[in-house]
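**Q** The file below is entry.pdb, PDB, C-alpha atoms:
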```
ATOM      1  CA  MET A  67      -6.821 -18.727  11.523  1.00  0.00           C
ATOM      2  CA  ILE A  68      -5.991 -16.408  14.379  1.00  0.00           C
ATOM      3  CA  HIS A  69      -4.249 -13.202  13.316  1.00  0.00           C
ATOM      4  CA  ASP A  70      -1.660 -11.783  15.678  1.00  0.00           C
ATOM      5  CA  VAL A  71      -2.948  -8.278  14.856  1.00  0.00           C
ATOM      6  CA  VAL A  72      -5.940  -6.922  12.962  1.00  0.00           C
ATOM      7  CA  ILE A  73      -5.672  -3.207  12.209  1.00  0.00           C
ATOM      8  CA  VAL A  74      -8.986  -1.432  11.749  1.00  0.00           C
ATOM      9  CA  GLY A  75      -8.610   1.250   9.094  1.00  0.00           C
ATOM     10  CA  GLY A  76      -6.439   1.113   6.004  1.00  0.00           C
ATOM     11  CA  GLY A  77      -5.692   4.811   5.687  1.00  0.00           C
ATOM     12  CA  GLN A  78      -2.393   6.538   6.361  1.00  0.00           C
ATOM     13  CA  SER A  79      -2.067   5.395   9.981  1.00  0.00           C
ATOM     14  CA  GLY A  80      -3.257   1.847   9.378  1.00  0.00           C
ATOM     15  CA  LEU A  81      -0.789   1.364   6.528  1.00  0.00           C
ATOM     16  CA  ALA A  82       2.051   2.802   8.606  1.00  0.00           C
ATOM     17  CA  VAL A  83       1.229   0.548  11.573  1.00  0.00           C
ATOM     18  CA  ALA A  84       1.100  -2.474   9.261  1.00  0.00           C
ATOM     19  CA  PHE A  85       4.495  -1.664   7.761  1.00  0.00           C
ATOM     20  CA  GLY A  86       5.954  -0.978  11.208  1.00  0.00           C
ATOM     21  CA  LEU A  87       4.774  -4.362  12.459  1.00  0.00           C
ATOM     22  CA  LEU A  88       6.165  -6.126   9.398  1.00  0.00           C
ATOM     23  CA  ARG A  89       9.528  -4.422   9.997  1.00  0.00           C
ATOM     24  CA  GLU A  90       9.439  -5.869  13.530  1.00  0.00           C
ATOM     25  CA  ARG A  91       8.749  -9.324  12.053  1.00  0.00           C
ATOM     26  CA  VAL A  92       5.110  -9.434  13.110  1.00  0.00           C
ATOM     27  CA  SER A  93       3.798 -10.842   9.859  1.00  0.00           C
ATOM     28  CA  ASN A  94       0.538 -12.549  10.804  1.00  0.00           C
ATOM     29  CA  ILE A  95      -1.444  -9.328  10.400  1.00  0.00           C
ATOM     30  CA  LEU A  96      -4.441  -8.043   8.501  1.00  0.00           C
ATOM     31  CA  VAL A  97      -5.670  -4.520   7.813  1.00  0.00           C
ATOM     32  CA  ILE A  98      -9.404  -4.107   7.301  1.00  0.00           C
ATOM     33  CA  ASP A  99     -11.167  -1.079   5.876  1.00  0.00           C
ATOM     34  CA  GLU A 100     -14.837  -0.494   5.161  1.00  0.00           C
ATOM     35  CA  ASN A 101     -14.132   1.488   1.986  1.00  0.00           C
ATOM     36  CA  PRO A 102     -13.336   0.219  -1.505  1.00  0.00           C
ATOM     37  CA  ALA A 103      -9.665  -0.178  -2.418  1.00  0.00           C
ATOM     38  CA  GLY A 104      -8.002   3.175  -3.041  1.00  0.00           C
ATOM     39  CA  TYR A 105     -10.526   5.180  -1.004  1.00  0.00           C
ATOM     40  CA  GLU A 106      -9.305   4.513   2.505  1.00  0.00           C
ATOM     41  CA  GLY A 107      -9.017   7.559   4.731  1.00  0.00           C
ATOM     42  CA  PRO A 108     -10.313  11.051   4.002  1.00  0.00           C
ATOM     43  CA  TRP A 109      -8.103  12.126   1.102  1.00  0.00           C
ATOM     44  CA  ASP A 110     -10.353  11.214  -1.836  1.00  0.00           C
ATOM     45  CA  THR A 111     -13.621  10.917   0.072  1.00  0.00           C
ATOM     46  CA  TYR A 112     -14.646  13.621   2.522  1.00  0.00           C
ATOM     47  CA  ALA A 113     -11.562  15.814   3.029  1.00  0.00           C
ATOM     48  CA  ARG A 114     -12.160  19.401   1.927  1.00  0.00           C
ATOM     49  CA  MET A 115      -8.738  20.946   2.343  1.00  0.00           C
ATOM     50  CA  ILE A 116      -6.745  21.421  -0.827  1.00  0.00           C
ATOM     51  CA  THR A 117      -3.363  20.562   0.670  1.00  0.00           C
ATOM     52  CA  LEU A 118      -1.962  18.795   3.690  1.00  0.00           C
ATOM     53  CA  ARG A 119      -0.894  21.020   6.564  1.00  0.00           C
ATOM     54  CA  THR A 120       2.225  18.926   7.140  1.00  0.00           C
ATOM     55  CA  PRO A 121       5.469  20.244   5.622  1.00  0.00           C
ATOM     56  CA  LYS A 122       6.346  18.321   2.455  1.00  0.00           C
ATOM     57  CA  GLY A 123       9.592  16.905   3.860  1.00  0.00           C
ATOM     58  CA  LEU A 124       8.050  15.366   6.971  1.00  0.00           C
ATOM     59  CA  ASN A 125       7.099  11.769   6.232  1.00  0.00           C
ATOM     60  CA  PRO A 126       7.317   9.382   9.181  1.00  0.00           C
ATOM     61  CA  ILE A 127       5.555   6.543   7.340  1.00  0.00           C
ATOM     62  CA  ASP A 128       8.661   5.879   5.248  1.00  0.00           C
ATOM     63  CA  PHE A 129      10.470   4.696   8.423  1.00  0.00           C
ATOM     64  CA  GLY A 130      13.657   6.366   7.202  1.00  0.00           C
ATOM     65  CA  ILE A 131      13.789   4.434   3.922  1.00  0.00           C
ATOM     66  CA  PRO A 132      14.462   7.089   1.263  1.00  0.00           C
ATOM     67  CA  ALA A 133      12.949   5.058  -1.594  1.00  0.00           C
ATOM     68  CA  LEU A 134       9.621   4.926   0.316  1.00  0.00           C
ATOM     69  CA  SER A 135       9.426   8.654   0.944  1.00  0.00           C
ATOM     70  CA  PHE A 136       6.807  10.920  -0.535  1.00  0.00           C
ATOM     71  CA  ARG A 137       9.665  12.873  -2.053  1.00  0.00           C
ATOM     72  CA  ALA A 138      10.984   9.831  -3.942  1.00  0.00           C
ATOM     73  CA  TRP A 139       7.491   9.045  -5.206  1.00  0.00           C
ATOM     74  CA  TYR A 140       6.797  12.663  -6.176  1.00  0.00           C
ATOM     75  CA  GLU A 141      10.107  13.112  -7.976  1.00  0.00           C
ATOM     76  CA  ALA A 142       9.441   9.894  -9.914  1.00  0.00           C
ATOM     77  CA  GLN A 143       6.149  11.465 -11.050  1.00  0.00           C
ATOM     78  CA  ARG A 144       7.202  15.093 -11.638  1.00  0.00           C
ATOM     79  CA  GLY A 145      10.982  15.307 -11.427  1.00  0.00           C
ATOM     80  CA  ALA A 146      13.276  17.155  -9.040  1.00  0.00           C
ATOM     81  CA  GLU A 147      12.052  20.483 -10.417  1.00  0.00           C
ATOM     82  CA  GLY A 148       8.489  19.535  -9.485  1.00  0.00           C
ATOM     83  CA  TRP A 149       9.594  18.721  -5.951  1.00  0.00           C
ATOM     84  CA  ASP A 150      11.453  22.007  -5.637  1.00  0.00           C
ATOM     85  CA  ALA A 151       8.385  23.925  -6.800  1.00  0.00           C
ATOM     86  CA  LEU A 152       6.042  22.090  -4.415  1.00  0.00           C
ATOM     87  CA  ASP A 153       4.999  23.975  -1.294  1.00  0.00           C
ATOM     88  CA  LYS A 154       2.295  21.868   0.363  1.00  0.00           C
ATOM     89  CA  ILE A 155       1.252  18.355  -0.685  1.00  0.00           C
ATOM     90  CA  PRO A 156      -2.085  18.302  -2.539  1.00  0.00           C
ATOM     91  CA  ARG A 157      -4.424  15.790  -0.907  1.00  0.00           C
ATOM     92  CA  GLY A 158      -4.978  13.931  -4.195  1.00  0.00           C
ATOM     93  CA  ASP A 159      -1.231  13.425  -4.578  1.00  0.00           C
ATOM     94  CA  TRP A 160      -1.030  12.194  -0.996  1.00  0.00           C
ATOM     95  CA  MET A 161      -3.729   9.595  -1.695  1.00  0.00           C
ATOM     96  CA  ALA A 162      -1.938   8.512  -4.872  1.00  0.00           C
ATOM     97  CA  TYR A 163       1.229   8.103  -2.799  1.00  0.00           C
ATOM     98  CA  LEU A 164      -0.623   6.028  -0.189  1.00  0.00           C
ATOM     99  CA  ARG A 165      -2.017   3.770  -2.931  1.00  0.00           C
ATOM    100  CA  TRP A 166       1.522   3.304  -4.251  1.00  0.00           C
ATOM    101  CA  TYR A 167       2.893   2.733  -0.707  1.00  0.00           C
ATOM    102  CA  ARG A 168       0.324   0.000  -0.073  1.00  0.00           C
ATOM    103  CA  ARG A 169       0.993  -1.664  -3.433  1.00  0.00           C
ATOM    104  CA  VAL A 170       4.805  -1.557  -3.349  1.00  0.00           C
ATOM    105  CA  LEU A 171       4.906  -2.936   0.215  1.00  0.00           C
ATOM    106  CA  ALA A 172       2.209  -5.553  -0.562  1.00  0.00           C
ATOM    107  CA  LEU A 173       0.416  -4.687   2.670  1.00  0.00           C
ATOM    108  CA  PRO A 174      -2.358  -7.140   3.607  1.00  0.00           C
ATOM    109  CA  VAL A 175      -5.473  -4.954   3.344  1.00  0.00           C
ATOM    110  CA  ARG A 176      -8.976  -6.364   3.030  1.00  0.00           C
ATOM    111  CA  ASN A 177     -11.343  -3.696   1.717  1.00  0.00           C
ATOM    112  CA  ASP A 178     -15.130  -3.551   1.919  1.00  0.00           C
ATOM    113  CA  THR A 179     -14.857  -5.000   5.422  1.00  0.00           C
ATOM    114  CA  LYS A 180     -16.673  -3.066   8.127  1.00  0.00           C
ATOM    115  CA  LEU A 181     -16.095  -3.946  11.771  1.00  0.00           C
ATOM    116  CA  ASP A 182     -19.316  -4.256  13.751  1.00  0.00           C
ATOM    117  CA  LEU A 183     -18.279  -5.698  17.126  1.00  0.00           C
ATOM    118  CA  ILE A 184     -15.205  -6.901  19.013  1.00  0.00           C
ATOM    119  CA  GLU A 185     -16.017  -9.854  21.233  1.00  0.00           C
ATOM    120  CA  PRO A 186     -13.404 -10.906  23.820  1.00  0.00           C
ATOM    121  CA  LEU A 187     -12.912 -14.675  24.006  1.00  0.00           C
ATOM    122  CA  GLU A 188     -10.641 -16.810  26.182  1.00  0.00           C
ATOM    123  CA  ASP A 189      -6.837 -16.694  26.220  1.00  0.00           C
ATOM    124  CA  GLY A 190      -6.597 -13.126  24.920  1.00  0.00           C
ATOM    125  CA  VAL A 191      -8.262 -13.876  21.591  1.00  0.00           C
ATOM    126  CA  HIS A 192     -10.948 -11.608  20.161  1.00  0.00           C
ATOM    127  CA  ARG A 193     -13.675 -12.366  17.650  1.00  0.00           C
ATOM    128  CA  LEU A 194     -14.162  -9.480  15.244  1.00  0.00           C
ATOM    129  CA  HIS A 195     -17.640  -9.432  13.797  1.00  0.00           C
ATOM    130  CA  VAL A 196     -17.655  -7.845  10.361  1.00  0.00           C
ATOM    131  CA  VAL A 197     -20.713  -6.921   8.346  1.00  0.00           C
ATOM    132  CA  GLY A 198     -21.693  -9.564   5.781  1.00  0.00           C
ATOM    133  CA  ARG A 199     -18.611 -11.746   6.292  1.00  0.00           C
ATOM    134  CA  ALA A 200     -17.353 -14.512   8.531  1.00  0.00           C
ATOM    135  CA  PRO A 201     -15.881 -13.271  11.820  1.00  0.00           C
ATOM    136  CA  LEU A 202     -12.131 -12.796  12.168  1.00  0.00           C
ATOM    137  CA  LEU A 203     -10.033 -13.936  15.109  1.00  0.00           C
ATOM    138  CA  ALA A 204      -7.176 -11.820  16.475  1.00  0.00           C
ATOM    139  CA  ARG A 205      -4.902 -11.594  19.478  1.00  0.00           C
ATOM    140  CA  LYS A 206      -4.525  -7.810  19.214  1.00  0.00           C
TER     141      LYS A 206
END
```
Could you render the structure as structure tokens?

**A**
Amino acid sequence: MIHDVVIVGGGQSGLAVAFGLLRERVSNILVIDENPAGYEGPWDTYARMITLRTPKGLNPIDFGIPALSFRAWYEAQRGAEGWDALDKIPRGDWMAYLRWYRRVLALPVRNDTKLDLIEPLEDGVHRLHVVGRAPLLARK
């Protein structure tokens, strides 16, 4: 199988790119991440800051869909009063939101998959060599 797009990294940006492509009807995609499920990106691994620096209302990964916003998720967890009291988003809450975002959108993420080499082939296809697994083929 040749994927139209393979996204390397299943953190915040990788998930947003995947959802953006799906919204544009590019569905033959795969997201790969070297980390175990739920530990993509820095939020629950190596990040040291307590909160995000981004204002709580700024959330471009929801693509303008209110039900996908961090606010909607947070209010479902802690109520409107909790949202009103929130100043900056704690990094652990952000990671919990990203886990929910991935699950509710059923984004195609393959964890424990580390990219080792991208090998250009003919006709714009690339072979992605991943550690300990069969190579993947992708156009982009």

**Q** Run the PyMOL selection byres ((chain A and resi 169-178) around 8) mentally over the shown coordinates, then write out the matched residues as an MDAnalysis selection string, using the chain letters and numbers from the document.

**A** chainID A and resid 76 81 84:85 95:103 165:168 179:180

**Q** Run through the PyMOL selection byres ((chain A and resi 77) around 8) on the given coordinates and return the selected residues as a list in words.

**A**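 Taken on the displayed file, the PyMOL selection byres ((chain A and resi 77) around 8) yields the residues Gly75, Gly76, Gln78, Ser79, Gly80, Leu81, Glu106, Gly107, Pro108 and Leu164 of chain A.
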
**Q** For this structure, which residues satisfy the selection - the PyMOL selection byres ((chain A and resi 152-162) around 8) - when it is evaluated on the file as given? I want them as a PyMOL selection string.

**A** chain A and resi 104+109-110+115-122+136+148-151+163-166

**Q** Just give me the gap between atom CA of A:Val71 and atom CA of A:Val197 in Å, one decimal is fine.

**A**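 According to the coordinates, atom CA of A:Val71 and atom CA of A:Val197 are separated by 19.0 Å.
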
**Q** Between atom CA of A:Ile131 and atom CA of A:Ala204, measure the distance and give it in Å to one decimal.

**A**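 Spanning atom CA of A:Ile131 to atom CA of A:Ala204 is a straight-line distance of 29.3 Å.
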
**Q** Distance atom CA of A:Asp189-atom CA of A:Val72, one decimal place?

**A**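 So the two atoms, atom CA of A:Asp189 and atom CA of A:Val72, lie 16.5 Å apart.
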
**Q** Near A:Asp70, counting only C-alpha atoms, which residues have an atom at most 10 Å away, once you skip same-chain residues fewer than 3 positions from it, shown as a ChimeraX atom specification?

**A** /A:67,92-96,191,203-206
